[in-house]
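Novice: Data file final20.txt (compact mmCIF, C-alpha atoms) is appended below.
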# COMPACT_ATOMS: atom_id res chain seq x y z
CA GLN A 22 -223.01 86.31 53.86
CA VAL A 23 -220.76 86.68 56.89
CA GLN A 24 -220.39 90.10 58.45
CA LEU A 25 -218.03 91.13 61.23
CA VAL A 26 -218.70 94.13 63.44
CA GLU A 27 -216.09 95.34 65.92
CA SER A 28 -216.66 97.45 68.99
CA GLY A 29 -214.88 98.44 72.17
CA GLY A 30 -212.12 100.67 70.93
CA GLY A 31 -211.36 104.01 72.46
CA LEU A 32 -208.84 106.23 74.18
CA VAL A 33 -207.03 104.84 77.21
CA GLN A 34 -203.99 105.83 79.23
CA ALA A 35 -200.85 103.74 79.15
CA GLY A 36 -201.13 100.84 81.55
CA GLY A 37 -204.88 100.65 81.12
CA SER A 38 -207.11 97.97 79.62
CA LEU A 39 -209.68 97.62 76.89
CA ARG A 40 -211.76 94.75 75.58
CA LEU A 41 -212.56 94.58 71.90
CA SER A 42 -215.53 92.61 70.65
CA CYS A 43 -216.24 91.22 67.20
CA ALA A 44 -219.75 90.02 66.52
CA PHE A 45 -220.26 87.64 63.61
CA SER A 46 -223.49 87.51 61.67
CA GLY A 47 -224.25 84.75 59.22
CA SER A 48 -222.86 81.24 59.40
CA ILE A 49 -219.37 80.72 60.71
CA PHE A 50 -219.60 76.95 60.36
CA GLY A 51 -216.39 75.56 58.99
CA PHE A 52 -214.19 78.50 59.86
CA ASN A 53 -210.44 77.85 59.95
CA VAL A 54 -209.23 80.72 62.06
CA MET A 55 -210.50 83.97 63.51
CA GLY A 56 -208.50 86.71 65.07
CA TRP A 57 -207.39 90.29 65.33
CA TYR A 58 -205.06 92.37 63.22
CA ARG A 59 -203.96 95.96 63.68
CA GLN A 60 -202.58 98.70 61.49
CA ALA A 61 -200.83 101.78 62.76
CA PRO A 62 -200.37 104.87 60.55
CA GLY A 63 -197.60 104.31 58.03
CA LYS A 64 -197.23 100.65 58.95
CA GLN A 65 -198.39 97.38 57.49
CA ARG A 66 -201.29 95.48 58.94
CA GLU A 67 -200.04 92.90 61.41
CA LEU A 68 -201.51 89.88 63.12
CA VAL A 69 -202.10 90.44 66.82
CA ALA A 70 -203.88 87.28 67.97
CA ALA A 71 -205.57 84.30 66.38
CA LEU A 72 -207.79 81.43 67.44
CA THR A 73 -208.15 78.25 65.41
CA ASN A 74 -211.25 76.12 65.09
CA SER A 75 -209.57 73.55 67.33
CA GLY A 76 -209.18 76.11 70.09
CA ASN A 77 -205.48 76.84 69.76
CA ASP A 78 -204.43 80.45 70.13
CA GLY A 79 -201.38 82.43 69.12
CA TYR A 80 -200.07 85.92 69.68
CA ALA A 81 -197.62 88.39 68.26
CA ASP A 82 -194.51 88.60 70.42
CA SER A 83 -195.24 92.26 71.14
CA VAL A 84 -198.52 91.43 72.90
CA LYS A 85 -197.80 88.06 74.55
CA GLY A 86 -198.72 88.10 78.20
CA ARG A 87 -200.78 91.27 77.79
CA PHE A 88 -203.52 90.35 75.29
CA THR A 89 -205.92 87.42 75.38
CA ILE A 90 -208.20 86.23 72.60
CA SER A 91 -211.37 84.34 73.44
CA ARG A 92 -214.63 83.29 71.87
CA ASP A 93 -218.22 83.05 73.05
CA ASN A 94 -219.92 80.49 70.83
CA ALA A 95 -223.39 81.28 72.13
CA LYS A 96 -222.98 84.95 71.22
CA ASN A 97 -221.04 84.35 67.99
CA THR A 98 -218.50 86.80 69.28
CA VAL A 99 -214.74 86.86 69.60
CA TYR A 100 -212.99 89.11 72.09
CA LEU A 101 -209.58 90.64 72.52
CA GLN A 102 -208.80 91.52 76.11
CA MET A 103 -205.94 94.01 76.14
CA SER A 104 -204.10 94.85 79.33
CA THR A 105 -201.06 96.91 80.25
CA LEU A 106 -201.56 98.91 77.09
CA LYS A 107 -198.67 100.87 75.64
CA PRO A 108 -198.61 103.85 73.28
CA GLU A 109 -197.20 101.55 70.59
CA ASP A 110 -200.45 99.56 70.74
CA THR A 111 -202.19 102.53 69.14
CA ALA A 112 -203.72 101.35 65.87
CA LEU A 113 -206.87 100.51 63.99
CA TYR A 114 -207.81 97.00 65.07
CA TYR A 115 -209.54 94.68 62.63
CA CYS A 116 -211.42 91.48 63.24
CA HIS A 117 -210.73 88.71 60.74
CA MET A 118 -212.04 85.29 59.88
CA ASN A 119 -210.94 82.75 57.31
CA ARG A 120 -213.65 80.33 56.27
CA PHE A 121 -213.51 77.96 53.32
CA SER A 122 -210.41 79.77 52.04
CA ARG A 123 -212.15 83.12 52.04
CA ASP A 124 -211.14 86.06 54.21
CA TYR A 125 -213.68 88.24 55.97
CA TRP A 126 -212.86 91.56 57.65
CA GLY A 127 -214.59 93.97 59.94
CA GLN A 128 -214.50 97.73 59.45
CA GLY A 129 -212.01 98.28 62.26
CA THR A 130 -212.11 99.94 65.65
CA GLN A 131 -209.60 102.56 66.76
CA VAL A 132 -207.50 102.06 69.87
CA THR A 133 -205.47 105.03 71.07
CA VAL A 134 -203.13 104.74 74.04
CA SER A 135 -201.87 107.98 75.54
CA LEU A 136 -198.90 108.54 77.81
Once more with this new file: its structure as structure tokens, please.

Specialist:
Amino acid sequence: QVQLVESGGGLVQAGGSLRLSCAFSGSIFGFNVMGWYRQAPGKQRELVAALTNSGNDGYADSVKGRFTISRDNAKNTVYLQMSTLKPEDTALYYCHMNRFSRDYWGQGTQVTVSL
């Protein structure tokens, strides 16, 4: 059974940076894509960044140039480096993985960006 555990969220001032981590336990062999979603109060969950098994990455337009997704195979961990944070980045951030047509989610980590 695959489990995803996020960490690294917190409160930061606008313009600051945070790095989110998502540690995978269990086998991730055969995964299709892993990435990060976020959900702000009253809004739908949206894709922020994704990384395919071939190493290609993609980003939401709102975070391009500010966020970077990466993966450490040895640590079974995927990261989201967030820079130049804005108040509109405030949300609950979820780690996600699709593997053999099944979706796995973490419990979420809160990111709050203050003015």

Novice: Within 12 Å of Gly51 (chain A), counting all atoms listed in the file, which residues show up once you throw out same-chain ones fewer than 2 positions away? Write them as a PyMOL selection string, please.

Specialist: chain A and resi 48-49+53-55+73-75+118-123

Novice: Identify which of the residues A:Arg59, A:Arg87, A:Arg40, A:Lys64 lies closest to His117 (chain A), counting all atoms listed in the file when measuring atom-to-atom distances.

Specialist: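 Of all the options, A:Arg59 lies closest to His117 (chain A).
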
Novice: Have a look at CA of Gly47 (chain A) and CA of Ala81 (chain A) and let me know their distance in Å, one decimal.

Specialist: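 Interatomic distance here is 28.4 Å.
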
Novice: Once you count all atoms listed in the file, which residues end up no further than 9 Å from (-209.2, 89.4, 70.5) in the file's frame, shown as a list in words?

Specialist: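 Protein and nucleic acid residues near the point are Arg40, Leu41, Ser42, Cys43, Met55, Gly56, Trp57, Tyr58, Val69, Ala70, Ala71, Leu72, Phe88, Thr89, Ile90, Ser91, Arg92, Val99, Tyr100, Leu101, Gln102, Met103 and Cys116 of chain A.
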
Novice: With all atoms listed in the file as the counted atoms, please give the residues lying no more than 9 Å from Gln24 (chain A), apart from itself and same-chain residues fewer than 6 positions off, as number ranges by chain.

Specialist: A: 44-47, 125-127

Novice: So, with only C-alpha atoms as the atoms that count, which of A:Val23, A:Ala61, A:Ser135, A:Thr130 lies closest to Pro108 (chain A)?

Specialist: A:Ser135

Novice: Please measure the separation of CA of Phe52 (chain A) and CA of Asn94 (chain A), giving the value in Å to one decimal.

Specialist: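 These atoms are spaced 12.5 Å apart.
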
Novice: Could the centre and edge lengths of an axis-aligned box, enclosing all atoms of region 41-52 of chain A in the file with 5 Å extra on each side, be given in Å to one decimal as AutoDock Vina command-line options?

Specialist:
--center_x -218.4 --center_y 85.1 --center_z 65.4 --size_x 21.7 --size_y 29.0 --size_z 22.9

Novice: Could you check which of A:Ala112, A:Glu27, A:Gly129, A:Asp124 is closest to Pro62 (chain A), using only C-alpha atoms?

Specialist: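 Once distances to Pro62 (chain A) are computed over only C-alpha atoms, the minimum belongs to A:Ala112.
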
Novice: Please provide as a PyMOL selection string all residues within 6 Å of region 34-37 of chain A, with the sequence filter that same-chain residues fewer than 2 positions apart are discarded (counting only C-alpha atoms).

Specialist: chain A and resi 105-107+134-136

Novice: Which residue gives the smallest distance to Leu32 (chain A) among A:Ala95, A:Leu113, A:Leu68, A:Val84, with only C-alpha atoms counted?

Specialist: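 Smallest distance to Leu32 (chain A) is found for A:Leu113.
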
Novice: Give me, please, the distance in Å between CA of Tyr114 (chain A) and CA of Asn77 (chain A), quoted to one decimal.

Specialist: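 Distance reported for this atom pair: 20.8 Å.
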